[in-house]
Structures are given as structure tokens and as C-alpha cells.
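Novice: Just passing along the structure, written as C-alpha cells.
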Amino acid sequence: MERFVTDERTGLKYELVGDYYLIAGDDEPEENQAIGVWWQRHLRYLKECHRGRYANLLTSSELNAYLADIDRQAEELFLRVVKQILLDGDAAKYHYGHRYR
């Protein structure tokens with residue numbers, strides 16, 4: 001009997017364990033990624049406002065990769081905005097997200 005088989009209909013990969021075929025896990029472990037503030041906020045947003053999207057990402061095992069990408073993009077944007085404010089030379093005119101002149 002073959003050690004690994006792939007179901008043509010579903011595309012799932014199975015591994016022979018003893019006398020039974022069990023669904024094979026990923027060969028590569030998931031990367032340990034730090035959970036940032038943007039990750040947490042977007043997760044809360046998905047759970048509260050887009051439950052279908054959240055469930056879809058969760059069941060397809062894409063949630064962590066999706067949130068890691070969101071966190072990375074948001075952090076880059078945040079740092080770019082902060083840098084621009086500091087280069088502008090007058091950070092005092094920015095108060096609570098409003099720009100004063």
C-alpha cells in the first residue's frame with residue numbers, strides 16, 4: 001500500500017497510518033508570527049462585521065497568513081505617516097487625527 005495518496009475528487013492528501021489513511025498535515029510548520037496591534041484590531045473587525053469572511057478564512061487555514069499580511073501593510077502605512085509628520089517639521093499641528101493650519 002502507498003504511504004501517501006491524493007483524493008482526485010477533493011484534492012486532499014492522505015497518509016497511511018497503521019491500517020488507515022488519515023488526512024495528512026502540512027509538511028511545513030506554520031511560521032511563528034508576532035501578533036501585532038493591527039492584527040488584533042482587524043481580527044476583531046472581521047469577527048464583528050464580516051463573520052462570513054472570518055469563517056471562510058478560518059476554515060481554509062488562511063486566517064493567520066491573511067492577518068499577518070494585514071498587520072505588515074498597516075504597520076508600513078503607519079510608519080510612513082509618522083515619518084511624513086516628522087519630516088513636515090510641525091507635529092503639533094496634528095492632533096487626534098486632524099490636521100490644523
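We name chains A, B, ... following the order of the C-alpha cells; residues begin at 1 in each chain, and ligands are numbered from 1 as shown.
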Report as a PyMOL selection string all protein, DNA and RNA residues lying within 7 Å of A:Trp39, evaluated on only C-alpha atoms, omitting residues in the same chain fewer than 3 positions from it.
Specialist: chain A and resi 35-36+42-43+67-68+70-71
Novice: Between atom CA of A:Leu57 and atom CA of A:Val5, measure the distance and give it in Å to one decimal.
Specialist: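 Atom CA of A:Val5 lies 25.8 Å from atom CA of A:Leu57.
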Novice: Tell me, as a list in words, which residues lie within 9 Å of stretch 15-24 of chain A, counting only C-alpha atoms; anything in the same chain fewer than 6 positions away does not count.
Specialist: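 Non-adjacent residues within range: Met1, Glu2, Arg3, Phe4, Val5 and Thr6 of chain A.
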Novice: Write the residues of the preceding selection, restricted to N, CA and C atoms, as a PDB file, in the first residue's frame.
Specialist:
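The resulting file, result.pdb, is reproduced below:
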ATOM      1  N   MET A   1       0.839  -1.179   0.000  1.00  0.00           N
ATOM      2  CA  MET A   1       0.000   0.000   0.000  1.00  0.00           C
ATOM      3  C   MET A   1       0.889   1.250   0.000  1.00  0.00           C
ATOM      4  N   GLU A   2       0.466   2.253  -0.738  1.00  0.00           N
ATOM      5  CA  GLU A   2       1.226   3.502  -0.813  1.00  0.00           C
ATOM      6  C   GLU A   2       1.111   4.268   0.499  1.00  0.00           C
ATOM      7  N   ARG A   3       2.198   4.968   0.867  1.00  0.00           N
ATOM      8  CA  ARG A   3       2.182   5.725   2.116  1.00  0.00           C
ATOM      9  C   ARG A   3       1.319   6.981   1.993  1.00  0.00           C
ATOM     10  N   PHE A   4       1.385   7.679   0.837  1.00  0.00           N
ATOM     11  CA  PHE A   4       0.587   8.877   0.602  1.00  0.00           C
ATOM     12  C   PHE A   4      -0.300   8.668  -0.618  1.00  0.00           C
ATOM     13  N   VAL A   5      -1.550   9.092  -0.521  1.00  0.00           N
ATOM     14  CA  VAL A   5      -2.478   9.062  -1.654  1.00  0.00           C
ATOM     15  C   VAL A   5      -3.224  10.396  -1.681  1.00  0.00           C
ATOM     16  N   THR A   6      -3.584  10.830  -2.879  1.00  0.00           N
ATOM     17  CA  THR A   6      -4.347  12.064  -3.032  1.00  0.00           C
ATOM     18  C   THR A   6      -5.696  11.729  -3.639  1.00  0.00           C
TER      19      THR A   6
END
Novice: Atom CA of A:Trp38 and atom CA of A:Arg72, how far apart in Å?
Specialist: 8.3 Å
Novice: Name the closest residue to A:Glu75 among the candidates A:Cys49, A:Val37, A:Leu87, A:Leu58; distances are taken between atoms, counting only C-alpha atoms.
Specialist: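 Comparing A:Cys49, A:Val37, A:Leu87, A:Leu58 against A:Glu75, the winner is A:Val37.
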Novice: Measuring atom to atom with only C-alpha atoms, identify which of A:Ser61, A:Gln40, A:Thr10, A:Asn56 is nearest to A:Ala74.
Specialist: A:Gln40
